[in-house]
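Asks: File protein-v1.txt below, compact mmCIF, C-alpha atoms:
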# COMPACT_ATOMS: atom_id res chain seq x y z
CA MET A 25 84.97 139.90 92.66
CA ILE A 26 88.19 138.64 94.22
CA TRP A 27 89.74 142.13 94.32
CA GLN A 28 86.85 143.28 96.50
CA ILE A 29 88.05 141.07 99.36
CA PRO A 30 89.06 143.21 102.39
CA LEU A 31 92.84 142.90 102.36
CA ASP A 32 93.57 143.86 105.97
CA GLU A 33 91.24 141.25 107.44
CA THR A 34 92.44 138.56 105.03
CA VAL A 35 96.12 139.18 105.72
CA ARG A 36 95.47 139.13 109.48
CA GLU A 37 93.69 135.77 109.21
CA VAL A 38 96.38 134.27 107.00
CA ALA A 39 99.07 135.44 109.45
CA LEU A 40 97.16 133.91 112.36
CA GLY A 41 96.68 130.63 110.48
CA LEU A 42 100.38 130.46 109.57
CA TYR A 43 101.39 131.06 113.19
CA VAL A 44 99.17 128.17 114.28
CA ILE A 45 100.72 125.96 111.57
CA LEU A 46 104.15 126.96 112.89
CA VAL A 47 103.07 125.82 116.37
CA VAL A 48 101.87 122.51 114.92
CA ILE A 49 105.19 122.01 113.10
CA GLU A 50 107.19 122.81 116.25
CA THR A 51 105.05 120.51 118.39
CA ARG A 52 105.40 117.69 115.88
CA MET A 53 109.16 118.08 115.89
CA ALA A 54 109.21 118.18 119.69
CA VAL A 55 107.25 114.92 119.77
CA ASN A 56 109.65 113.30 117.26
CA PHE A 57 112.72 114.27 119.27
CA LEU A 58 111.21 113.36 122.64
CA ASN A 59 110.06 110.00 121.24
CA SER A 60 113.58 109.27 120.02
CA TYR A 61 114.94 110.25 123.42
CA ALA A 62 112.42 108.00 125.18
CA LYS A 63 113.65 105.09 123.04
CA ASN A 64 117.32 105.83 123.64
CA ARG A 65 118.00 107.63 126.93
CA GLU A 66 121.68 108.02 126.15
CA LEU A 67 120.86 110.67 123.54
CA GLY A 68 120.38 113.40 126.13
CA PHE A 69 120.86 116.27 123.71
CA ILE A 70 118.08 114.92 121.46
CA GLY A 71 115.81 115.23 124.49
CA SER A 72 117.06 118.80 125.00
CA ILE A 73 116.23 119.70 121.40
CA GLY A 74 112.80 118.15 121.91
CA LEU A 75 112.31 120.37 124.96
CA MET A 76 113.53 123.36 122.97
CA TYR A 77 110.81 122.83 120.36
CA LEU A 78 108.22 122.18 123.07
CA PHE A 79 108.96 125.38 125.00
CA VAL A 80 109.21 127.46 121.83
CA ALA A 81 105.82 126.10 120.72
CA ALA A 82 104.25 126.79 124.15
CA GLY A 83 105.71 130.32 124.20
CA ARG A 84 104.45 130.87 120.66
CA VAL A 85 100.89 129.86 121.64
CA MET A 86 100.94 132.42 124.44
CA LEU A 87 102.39 135.08 122.13
CA ILE A 88 99.67 134.40 119.52
CA ILE A 89 97.01 135.06 122.14
CA PHE A 90 98.90 138.14 123.39
CA ASP A 91 99.48 139.61 119.92
CA PHE A 92 96.25 138.77 118.15
CA TYR A 93 93.64 138.85 120.90
CA LEU A 94 94.85 140.65 124.02
CA THR A 95 96.64 143.58 122.39
CA ASP A 96 95.99 143.23 118.63
CA PHE A 97 99.57 144.48 118.19
CA THR A 98 98.69 147.78 119.87
CA TYR A 99 101.79 148.91 121.75
CA ALA A 100 99.76 151.01 124.19
CA LEU A 101 98.03 147.88 125.48
CA TYR A 102 101.23 145.89 126.14
CA GLY A 103 101.50 147.29 129.67
CA ASP A 104 98.03 145.96 130.60
CA TYR A 105 99.13 142.37 130.06
CA LEU A 106 102.74 142.65 131.20
CA THR A 107 102.81 139.56 133.43
CA TYR A 108 101.29 137.47 130.67
CA TYR A 109 103.87 138.83 128.23
CA LYS A 110 106.72 138.04 130.63
CA ILE A 111 105.54 134.44 131.04
CA ALA A 112 105.24 134.05 127.25
CA ILE A 113 108.72 135.37 126.47
CA GLY A 114 110.06 133.41 129.47
CA MET A 115 108.75 130.16 127.96
CA TYR A 116 110.16 131.10 124.59
CA ALA A 117 113.52 131.99 126.10
CA ALA A 118 113.62 128.70 128.04
CA GLY A 119 113.27 126.90 124.70
CA LEU A 120 116.15 128.80 123.13
CA GLY A 121 118.15 128.20 126.31
CA PHE A 122 118.07 124.47 125.54
CA LEU A 123 119.53 125.23 122.09
CA ILE A 124 122.42 127.16 123.66
CA TYR A 125 122.97 124.32 126.15
CA VAL A 126 123.16 121.72 123.37
CA ALA A 127 125.52 123.80 121.22
CA GLU A 128 127.75 124.76 124.15
CA ARG A 129 127.97 121.18 125.36
CA ALA A 130 128.74 119.90 121.86
CA ILE A 131 131.49 122.47 121.27
CA PHE A 132 133.14 122.87 124.69
CA GLN A 133 132.01 119.75 126.57
CA GLY A 134 131.48 121.91 129.66
CA ARG A 135 135.04 123.32 129.70
CA ASP A 136 133.72 126.90 129.34
CA LYS A 137 131.49 126.42 132.43
CA TYR A 138 128.43 127.19 130.24
CA VAL A 139 129.20 130.88 130.27
CA PHE A 140 126.92 131.65 127.28
CA LEU A 141 123.99 129.77 128.77
CA ILE A 142 124.46 131.49 132.13
CA GLY A 143 124.72 134.93 130.47
CA TYR A 144 121.59 134.25 128.45
CA ALA A 145 119.69 132.96 131.48
CA PHE A 146 120.84 135.89 133.62
CA PHE A 147 119.53 138.57 131.26
CA ASN A 148 116.31 136.69 130.62
CA ILE A 149 115.66 136.35 134.35
CA LEU A 150 116.49 140.04 134.70
CA SER A 151 113.90 140.81 132.00
CA MET A 152 111.20 139.47 134.33
CA VAL A 153 111.77 142.34 136.79
CA PRO A 154 111.12 145.68 134.98
CA PRO A 155 107.62 147.14 134.99
CA ASP A 156 107.70 148.37 131.37
CA VAL A 157 108.02 146.76 127.95
CA ASP A 158 110.93 148.94 126.78
CA THR A 159 113.27 147.85 129.56
CA ILE A 160 112.20 144.24 129.14
CA THR A 161 113.05 144.47 125.43
CA ILE A 162 116.53 145.86 126.25
CA PHE A 163 117.31 142.94 128.61
CA VAL A 164 115.91 140.37 126.16
CA THR A 165 118.00 141.87 123.35
CA ILE A 166 121.18 141.71 125.47
CA GLY A 167 120.27 138.11 126.35
CA ASP A 168 119.79 137.33 122.66
CA LEU A 169 123.37 138.41 121.95
CA PHE A 170 124.52 135.28 123.80
CA ILE A 171 122.64 133.14 121.25
CA LEU A 172 124.97 134.48 118.55
CA PHE A 173 127.51 132.00 119.81
CA VAL A 174 125.33 129.14 118.48
CA PRO A 175 125.36 129.91 114.72
CA ILE A 176 128.99 131.05 114.92
CA SER A 177 130.00 127.75 116.50
CA TYR A 178 128.14 125.78 113.82
CA ILE A 179 129.68 127.89 111.03
CA TYR A 180 133.07 127.09 112.58
CA THR A 181 132.15 123.38 112.68
CA ALA A 182 131.04 123.52 109.03
CA ILE A 183 134.36 125.05 108.01
CA LYS A 184 136.50 122.68 110.07
CA THR A 185 134.77 119.37 109.32
CA LYS A 186 133.74 117.33 106.30
CA GLY A 187 131.02 114.92 105.23
CA PRO A 188 127.86 114.47 107.30
CA PHE A 189 129.16 116.68 110.15
CA ARG A 190 129.57 119.58 107.75
CA THR A 191 126.10 119.01 106.22
CA GLN A 192 124.55 118.82 109.67
CA ALA A 193 126.29 122.00 110.84
CA ASN A 194 125.27 123.80 107.63
CA TYR A 195 121.63 122.88 108.12
CA ILE A 196 121.72 124.13 111.70
CA TRP A 197 123.38 127.49 111.13
CA VAL A 198 121.35 128.27 108.02
CA GLY A 199 118.21 127.28 109.97
CA ILE A 200 119.16 129.57 112.84
CA ALA A 201 119.87 132.37 110.34
CA PHE A 202 116.38 131.99 108.83
CA PHE A 203 114.79 131.86 112.28
CA ALA A 204 116.71 134.96 113.37
CA ALA A 205 115.72 136.77 110.15
CA GLY A 206 112.09 135.92 110.93
CA ALA A 207 112.45 137.40 114.40
CA PHE A 208 114.38 140.42 113.06
CA VAL A 209 111.75 141.60 110.56
CA ILE A 210 109.13 142.04 113.30
CA GLY A 211 111.47 144.22 115.37
CA GLU A 212 110.23 147.81 115.63
CA GLY A 213 112.72 149.32 113.10
CA PRO A 214 112.39 146.79 110.25
CA MET A 215 108.65 146.53 110.96
CA ASN A 216 108.15 150.26 110.32
CA ILE A 217 110.08 150.12 107.04
CA LEU A 218 108.35 146.94 105.78
CA GLN A 219 104.94 148.14 106.94
CA GLY A 220 105.49 151.26 104.84
CA ILE A 221 106.21 149.07 101.81
CA LEU A 222 103.59 146.35 102.33
CA GLY A 223 100.89 148.53 103.81
CA THR A 224 99.95 146.34 106.75
CA ARG A 225 101.64 145.01 109.88
CA TYR A 226 100.19 141.55 109.37
CA ALA A 227 101.91 141.13 105.99
CA VAL A 228 105.26 141.57 107.76
CA HIS A 229 104.19 138.86 110.20
CA ILE A 230 103.45 136.54 107.26
CA ILE A 231 107.02 137.07 105.99
CA SER A 232 108.35 136.51 109.51
CA VAL A 233 106.45 133.29 110.08
CA ILE A 234 107.52 131.87 106.69
CA PHE A 235 111.17 132.57 107.56
CA LYS A 236 110.66 130.90 110.94
CA MET A 237 109.03 127.86 109.36
CA VAL A 238 111.98 127.40 107.03
CA GLY A 239 114.29 127.91 110.01
CA VAL A 240 112.69 125.34 112.31
CA VAL A 241 112.56 122.76 109.53
CA LEU A 242 116.26 123.25 108.69
CA ILE A 243 117.28 123.11 112.37
CA TYR A 244 115.22 119.94 112.72
CA ARG A 245 116.93 118.46 109.66
CA GLY A 246 120.33 119.31 111.10
CA PHE A 247 119.71 117.74 114.51
CA SER A 248 117.77 114.77 113.14
CA TYR A 249 121.07 113.47 111.73
CA ASN A 250 121.71 112.30 115.29
CA ILE A 251 118.49 110.32 115.56
CA PRO A 252 119.22 106.63 115.01
CA LYS A 253 117.30 105.32 111.98
CA GLY A 254 114.58 102.72 112.41
CA MET B 11 88.93 146.09 113.54
CA ALA B 12 86.26 143.99 115.27
CA VAL B 13 87.46 140.42 115.57
CA ASP B 14 85.07 137.48 115.16
CA VAL B 15 86.85 134.72 117.10
CA SER B 16 84.61 131.91 115.82
CA ARG B 17 85.35 132.95 112.23
CA GLU B 18 89.09 133.06 112.96
CA MET B 19 88.88 129.61 114.58
CA ALA B 20 87.24 128.30 111.42
CA ILE B 21 89.95 129.87 109.25
CA VAL B 22 92.73 128.47 111.43
CA ALA B 23 91.11 125.02 111.24
CA VAL B 24 90.83 125.17 107.47
CA MET B 25 94.45 126.36 107.16
CA LEU B 26 95.51 123.38 109.26
CA LEU B 27 93.51 121.21 106.88
CA LEU B 28 95.35 122.76 103.92
CA TYR B 29 98.66 122.13 105.66
CA THR B 30 97.63 118.50 106.28
CA TYR B 31 96.79 117.99 102.58
CA LEU B 32 100.08 119.52 101.51
CA TRP B 33 102.00 117.46 104.06
CA PHE B 34 100.45 114.18 102.88
CA ALA B 35 100.92 115.14 99.21
CA ALA B 36 104.64 115.64 99.98
CA LYS B 37 104.83 112.37 101.93
CA PHE B 38 103.21 110.39 99.11
CA LEU B 39 105.43 112.11 96.53
CA TYR B 40 108.47 111.07 98.57
CA ALA B 41 107.17 107.50 98.87
CA TYR B 42 106.32 107.37 95.16
CA ASN B 43 109.79 108.64 94.18
CA LYS B 44 111.30 105.80 96.18
CA ASN B 45 109.03 103.22 94.55
CA ARG B 46 107.99 104.33 91.07
CA GLU B 47 106.30 100.99 90.32
CA ASN B 48 103.67 101.60 92.96
CA THR B 49 101.35 103.91 90.99
CA ILE B 50 98.82 103.92 93.84
CA LEU B 51 101.21 106.12 95.82
CA GLY B 52 101.42 108.55 92.88
CA GLY B 53 97.63 108.53 92.59
CA ILE B 54 97.09 109.31 96.26
CA MET B 55 99.70 112.07 95.99
CA LEU B 56 97.62 113.64 93.18
CA THR B 57 94.47 113.19 95.28
CA PHE B 58 95.93 115.18 98.17
CA THR B 59 97.37 117.79 95.80
CA PHE B 60 93.97 118.39 94.17
CA PHE B 61 92.27 118.38 97.57
CA PHE B 62 94.69 121.13 98.58
CA ILE B 63 94.13 123.28 95.47
CA GLY B 64 90.36 122.74 95.48
CA ARG B 65 90.03 123.55 99.18
CA LEU B 66 92.15 126.69 98.71
CA VAL B 67 89.72 127.95 96.05
CA LEU B 68 86.75 127.02 98.28
CA VAL B 69 88.26 128.88 101.26
CA VAL B 70 88.25 132.07 99.19
CA TYR B 71 84.65 131.35 98.16
CA ASP B 72 83.38 130.50 101.65
CA TYR B 73 85.19 133.05 103.80
CA TYR B 74 85.91 136.00 101.57
CA LEU B 75 83.59 136.10 98.54
CA THR B 76 80.30 134.93 100.04
CA VAL B 77 81.17 135.14 103.76
CA LEU B 78 78.84 132.11 104.12
CA ASP B 79 75.87 134.23 103.06
CA TYR B 80 73.55 131.92 101.10
CA ALA B 81 72.21 134.87 99.11
CA GLN B 82 75.71 135.41 97.68
CA PHE B 83 76.29 131.78 96.68
CA GLU B 84 74.72 132.28 93.26
CA THR B 85 76.75 135.43 92.54
CA TYR B 86 80.06 133.59 92.72
CA ILE B 87 78.81 130.22 91.49
CA TRP B 88 81.64 129.81 88.96
CA TRP B 89 84.20 130.24 91.68
CA TRP B 90 82.44 127.49 93.65
CA LYS B 91 82.20 125.25 90.59
CA ILE B 92 85.94 125.57 89.89
CA GLY B 93 86.74 124.82 93.53
CA ILE B 94 84.44 121.79 93.61
CA LEU B 95 85.81 120.60 90.26
CA LEU B 96 89.42 120.80 91.45
CA HIS B 97 88.46 119.03 94.68
CA GLY B 98 86.57 116.54 92.47
CA PHE B 99 89.75 115.85 90.47
CA GLY B 100 91.20 114.60 93.73
CA PHE B 101 88.26 112.27 94.28
CA GLY B 102 88.38 111.26 90.61
CA VAL B 103 91.99 110.14 90.90
CA LEU B 104 91.19 108.31 94.14
CA CYS B 105 88.19 106.66 92.48
CA LEU B 106 90.33 105.57 89.53
CA VAL B 107 93.13 104.25 91.75
CA VAL B 108 90.80 102.25 94.00
CA GLU B 109 88.69 100.97 91.08
CA ARG B 110 91.84 99.74 89.33
CA GLN B 111 93.07 98.15 92.53
CA LEU B 112 89.76 96.40 93.26
CA PHE B 113 88.49 95.41 89.81
CA GLU B 114 91.63 95.61 87.61
CA GLY B 115 89.58 97.23 84.83
CA ARG B 116 86.98 94.43 84.63
CA ASP B 117 84.15 96.85 85.50
CA HIS B 118 85.19 99.23 82.67
CA TYR B 119 85.65 101.99 85.25
CA VAL B 120 81.91 102.52 85.49
CA PHE B 121 82.08 104.33 88.86
CA PHE B 122 84.79 106.66 87.66
CA LEU B 123 82.85 107.45 84.47
CA GLY B 124 79.67 108.10 86.45
CA PHE B 125 81.60 110.41 88.73
CA VAL B 126 83.02 112.32 85.72
CA VAL B 127 79.64 112.63 83.96
CA PHE B 128 77.93 114.10 87.02
CA ASN B 129 80.79 116.49 87.62
CA ILE B 130 80.41 117.74 84.04
CA LEU B 131 76.66 118.13 84.67
CA MET B 132 77.51 120.04 87.84
CA LEU B 133 79.56 122.44 85.70
CA LEU B 134 76.70 122.90 83.25
CA ALA B 135 74.01 123.35 85.91
CA PRO B 136 72.44 126.83 85.76
CA ASP B 137 72.01 127.44 89.49
CA TYR B 138 73.56 126.58 92.85
CA PRO B 139 70.92 124.08 94.13
CA SER B 140 71.01 121.94 90.96
CA ALA B 141 74.83 122.16 90.80
CA GLN B 142 75.02 120.96 94.40
CA THR B 143 72.58 118.13 93.64
CA PHE B 144 74.75 116.93 90.74
CA GLN B 145 77.80 117.18 92.97
CA ILE B 146 76.14 114.98 95.62
CA VAL B 147 75.11 112.42 92.97
CA ALA B 148 78.68 112.41 91.60
CA PHE B 149 79.91 111.86 95.14
CA LEU B 150 77.59 108.83 95.46
CA PHE B 151 79.62 107.10 92.73
CA THR B 152 82.56 107.03 95.10
CA ALA B 153 80.49 105.07 97.64
CA PHE B 154 81.91 101.84 96.22
CA ILE B 155 85.28 102.75 97.74
CA PRO B 156 84.44 101.94 101.39
CA PHE B 157 82.42 98.89 100.29
CA GLY B 158 85.41 97.62 98.33
CA TYR B 159 87.63 98.04 101.34
CA ILE B 160 85.06 96.42 103.64
CA ARG B 161 85.31 93.37 101.36
CA ILE B 162 89.11 93.45 101.59
CA ALA B 163 88.92 93.78 105.38
CA MET B 164 86.56 90.79 105.59
CA THR B 165 88.51 88.53 103.24
CA SER B 166 92.08 89.32 104.27
CA LYS B 167 94.20 89.21 107.41
CA GLY B 168 97.07 90.99 109.12
CA GLU B 169 98.52 94.13 107.52
CA PHE B 170 96.04 94.18 104.58
CA ARG B 171 93.05 94.06 106.91
CA LYS B 172 94.52 96.78 109.12
CA ARG B 173 95.16 99.06 106.15
CA ALA B 174 91.69 98.43 104.73
CA ILE B 175 90.13 99.32 108.09
CA TYR B 176 92.11 102.56 108.18
CA ALA B 177 90.95 103.43 104.65
CA ILE B 178 87.28 102.60 105.42
CA SER B 179 87.35 104.67 108.61
CA GLY B 180 88.93 107.58 106.72
CA PHE B 181 86.27 107.51 104.00
CA LEU B 182 83.43 107.23 106.49
CA VAL B 183 84.68 110.18 108.54
CA PHE B 184 85.12 112.12 105.30
CA VAL B 185 81.55 111.38 104.18
CA VAL B 186 80.09 112.40 107.55
CA VAL B 187 81.98 115.71 107.74
CA SER B 188 81.33 116.50 104.07
CA PHE B 189 77.63 115.89 104.67
CA MET B 190 77.80 118.49 107.44
CA MET B 191 78.80 121.10 104.85
CA ILE B 192 75.66 120.75 102.72
CA ASN B 193 73.55 123.86 103.08
CA PRO B 194 70.33 122.33 104.54
CA VAL B 195 72.44 120.55 107.17
CA VAL B 196 74.25 123.77 108.07
CA VAL B 197 70.86 125.51 108.35
CA PHE B 198 69.59 122.63 110.54
CA PHE B 199 72.58 123.04 112.87
CA GLY B 200 71.98 126.77 113.03
CA THR B 201 68.22 126.84 113.59
CA VAL B 202 67.52 123.63 115.52
CA LEU B 203 70.73 123.12 117.48
CA ASN B 204 71.73 126.81 117.62
CA VAL B 205 75.25 126.04 116.42
CA SER B 206 77.00 128.79 114.44
CA GLN B 207 78.02 128.16 110.83
CA TYR B 208 81.64 128.75 111.73
CA LEU B 209 81.55 126.14 114.46
CA VAL B 210 80.17 123.64 111.94
CA LEU B 211 83.10 124.53 109.69
CA VAL B 212 85.59 124.05 112.55
CA ILE B 213 84.16 120.57 113.25
CA SER B 214 84.10 119.75 109.54
CA SER B 215 87.73 120.84 108.98
CA CYS B 216 88.94 118.91 112.05
CA GLY B 217 87.01 115.86 110.84
CA GLN B 218 88.61 116.15 107.40
CA ILE B 219 92.06 116.31 109.00
CA VAL B 220 91.30 113.06 110.85
CA ALA B 221 89.90 111.52 107.66
CA ALA B 222 92.97 112.53 105.62
CA ALA B 223 95.27 111.06 108.28
CA LEU B 224 93.33 107.77 108.33
CA ILE B 225 93.27 107.50 104.53
CA ALA B 226 97.01 108.24 104.39
CA LYS B 227 97.68 105.61 107.05
CA GLY B 228 95.75 103.10 104.94
CA TYR B 229 98.11 103.57 102.00
CA LEU B 230 101.50 104.49 103.44
Go through the file and emit its structure as structure tokens.
Replies:
Amino acid sequence: MIWQIPLDETVREVALGLYVILVVIETRMAVNFLNSYAKNRELGFIGSIGLMYLFVAAGRVMLIIFDFYLTDFTYALYGDYLTYYKIAIGMYAAGLGFLIYVAERAIFQGRDKYVFLIGYAFFNILSMVPPDVDTITIFVTIGDLFILFVPISYIYTAIKTKGPFRTQANYIWVGIAFFAAGAFVIGEGPMNILQGILGTRYAVHIISVIFKMVGVVLIYRGFSYNIPKG
Amino acid sequence: MAVDVSREMAIVAVMLLLYTYLWFAAKFLYAYNKNRENTILGGIMLTFTFFFIGRLVLVVYDYYLTVLDYAQFETYIWWWKIGILLHGFGFGVLCLVVERQLFEGRDHYVFFLGFVVFNILMLLAPDYPSAQTFQIVAFLFTAFIPFGYIRIAMTSKGEFRKRAIYAISGFLVFVVVSFMMINPVVVFFGTVLNVSQYLVLVISSCGQIVAAALIAKGYL
């Protein structure tokens, strides 16, 4: 009966399917934003958000292949496909770089000389150099610290403004929080704890991808306030 | 764990199909909430919702209970019947909506009633082959839907014609890909054309996604 279904295999397949759905959602959003930008070239940051979704989706496709087929989440195999892994996380990082650019431009209008974007880019470029996954992870994590500026700046905007600006800012920072939570749970520490509770690594990935789905939809909702209607 | 990529492709395709159904159900719910007088929108929303639930049950049946092994089909026949019935609810609502739209009740909902009767017979059937036969006959009662829309496409112009053509195309694609899922056809693909069952399922799921999108475009 239904309880005889092999759980490990099922959970793996559901996780894989959800990741592909996440890619579809991100691509769809990228198309929406890029279409709006094509219709109104003055909305440069809408184009940037479109590119963010596009690069994140492309990076995600590469990571799906890396995680599910090349290594099957086996840490010992990561080193065999290091160049592939670097390209995948590079694509992903390029996407998030667009998010930093948009937030930094909206908040400082270039007065801060894009220090957060440069810091983020610097550490992500640096992460392309080391020959082992551990060092790469350290550089990527330091780079990720620069992204913290984005939700903080939107929380600040939400506190300081009212009406649609506040709603928009709330959507964005809550979306980023969900996305970050999704990324956090598959980090080595939380993964070990949750794997102990749930029994399988793939179940943790299902939780992660659901968080990320909620995150990308909320971020989309926040930025879509700037898309002219009609 | 040995990974069967073709199986995983089929599962990914069917999950995308589920996502598509859910997405359109939400879109029609949103449209219906904005215009409560247009009951067709509510009907199509129910159609996609039942398609989603029915397909979900059938995914468990196809991929996890029977693993597409024909010898196992009989063992879990009630699971299959429930899945087909839920999926059939979706078609039933669609049948009712279109019949009301085309005939305004003048035909006493004969197609819908025929569809219901054969679905009940499908439930009562003792074995898989006869249940599948009743299901196919029930499905034939929905054949009036594309014909009705062909009439609309021929007698109208502009937006109505365009929408009718979308709906017809959607139904036709749906019929073709559903036909691919019938066991003798799957066997034919496997033995004569040397195409794996999973590849047939990938094509079928992708076709159903296209069909759902065309049907939705015809009504939204």
Asks: Let me make sure I understand: among B:Leu68, B:Ile213, B:Val107, B:Met25, which one has the smallest atom-to-atom distance to Tyr86 (chain B) if we use all atoms listed in the file?
Replies: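 Distance minimum relative to Tyr86 (chain B) lands on B:Leu68.
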Asks: Using all atoms listed in the file, find which residues of chain B lie within 10 Å of chain A and jot them down as a ChimeraX atom specification.
Replies: /B:11-13,15,17-30,70-71,73-76,85-86,89
Asks: Figure out the distance between CA of Phe235 (chain A) and CA of Gly199 (chain A), please, to one decimal in Å.
Replies: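 Between CA of Gly199 (chain A) and CA of Phe235 (chain A) the gap works out to 9.1 Å.
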Asks: Compile the contact shell of Ile73 (chain A) as a ChimeraX atom specification: residues with an atom at most 9 Å away, counting all atoms listed in the file, same-chain residues fewer than 6 positions apart removed.
Replies: /A:54,57-58,119,122-123,126,244,247
Asks: Write a file of the just-selected residues containing C-alpha atoms, as a short mmCIF file (atom, residue, chain, number, x, y, z; two decimals), in the coordinates of the input.
Replies:
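out_19.cif, freshly written:
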data_model
loop_
_atom_site.label_atom_id
_atom_site.label_comp_id
_atom_site.auth_asym_id
_atom_site.auth_seq_id
_atom_site.Cartn_x
_atom_site.Cartn_y
_atom_site.Cartn_z
CA ALA A 54 109.21 118.18 119.69
CA PHE A 57 112.72 114.27 119.27
CA LEU A 58 111.21 113.36 122.64
CA GLY A 119 113.27 126.90 124.70
CA PHE A 122 118.07 124.47 125.54
CA LEU A 123 119.53 125.23 122.09
CA VAL A 126 123.16 121.72 123.37
CA TYR A 244 115.22 119.94 112.72
CA PHE A 247 119.71 117.74 114.51
#
Asks: Grab the CA of Thr165 (chain A) to CA of Met152 (chain A) distance for me, in Å with one decimal place.
Replies: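 Answer for the CA of Thr165 (chain A) to CA of Met152 (chain A) separation: 13.1 Å.
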Asks: Which residue, A:Leu141, A:Ile221, A:Val164, A:Met215, has the smallest gap to Tyr116 (chain A) when you use all atoms listed in the file?
Replies: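 Distance minimum relative to Tyr116 (chain A) lands on A:Val164.
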Asks: Find the spatial neighbours of region 99-103 of chain B, counting all atoms listed in the file, within a cut-off of 6 Å - ignore same-chain residues fewer than 4 positions away - and output them as a PyMOL selection string.
Replies: chain B and resi 57+60-61
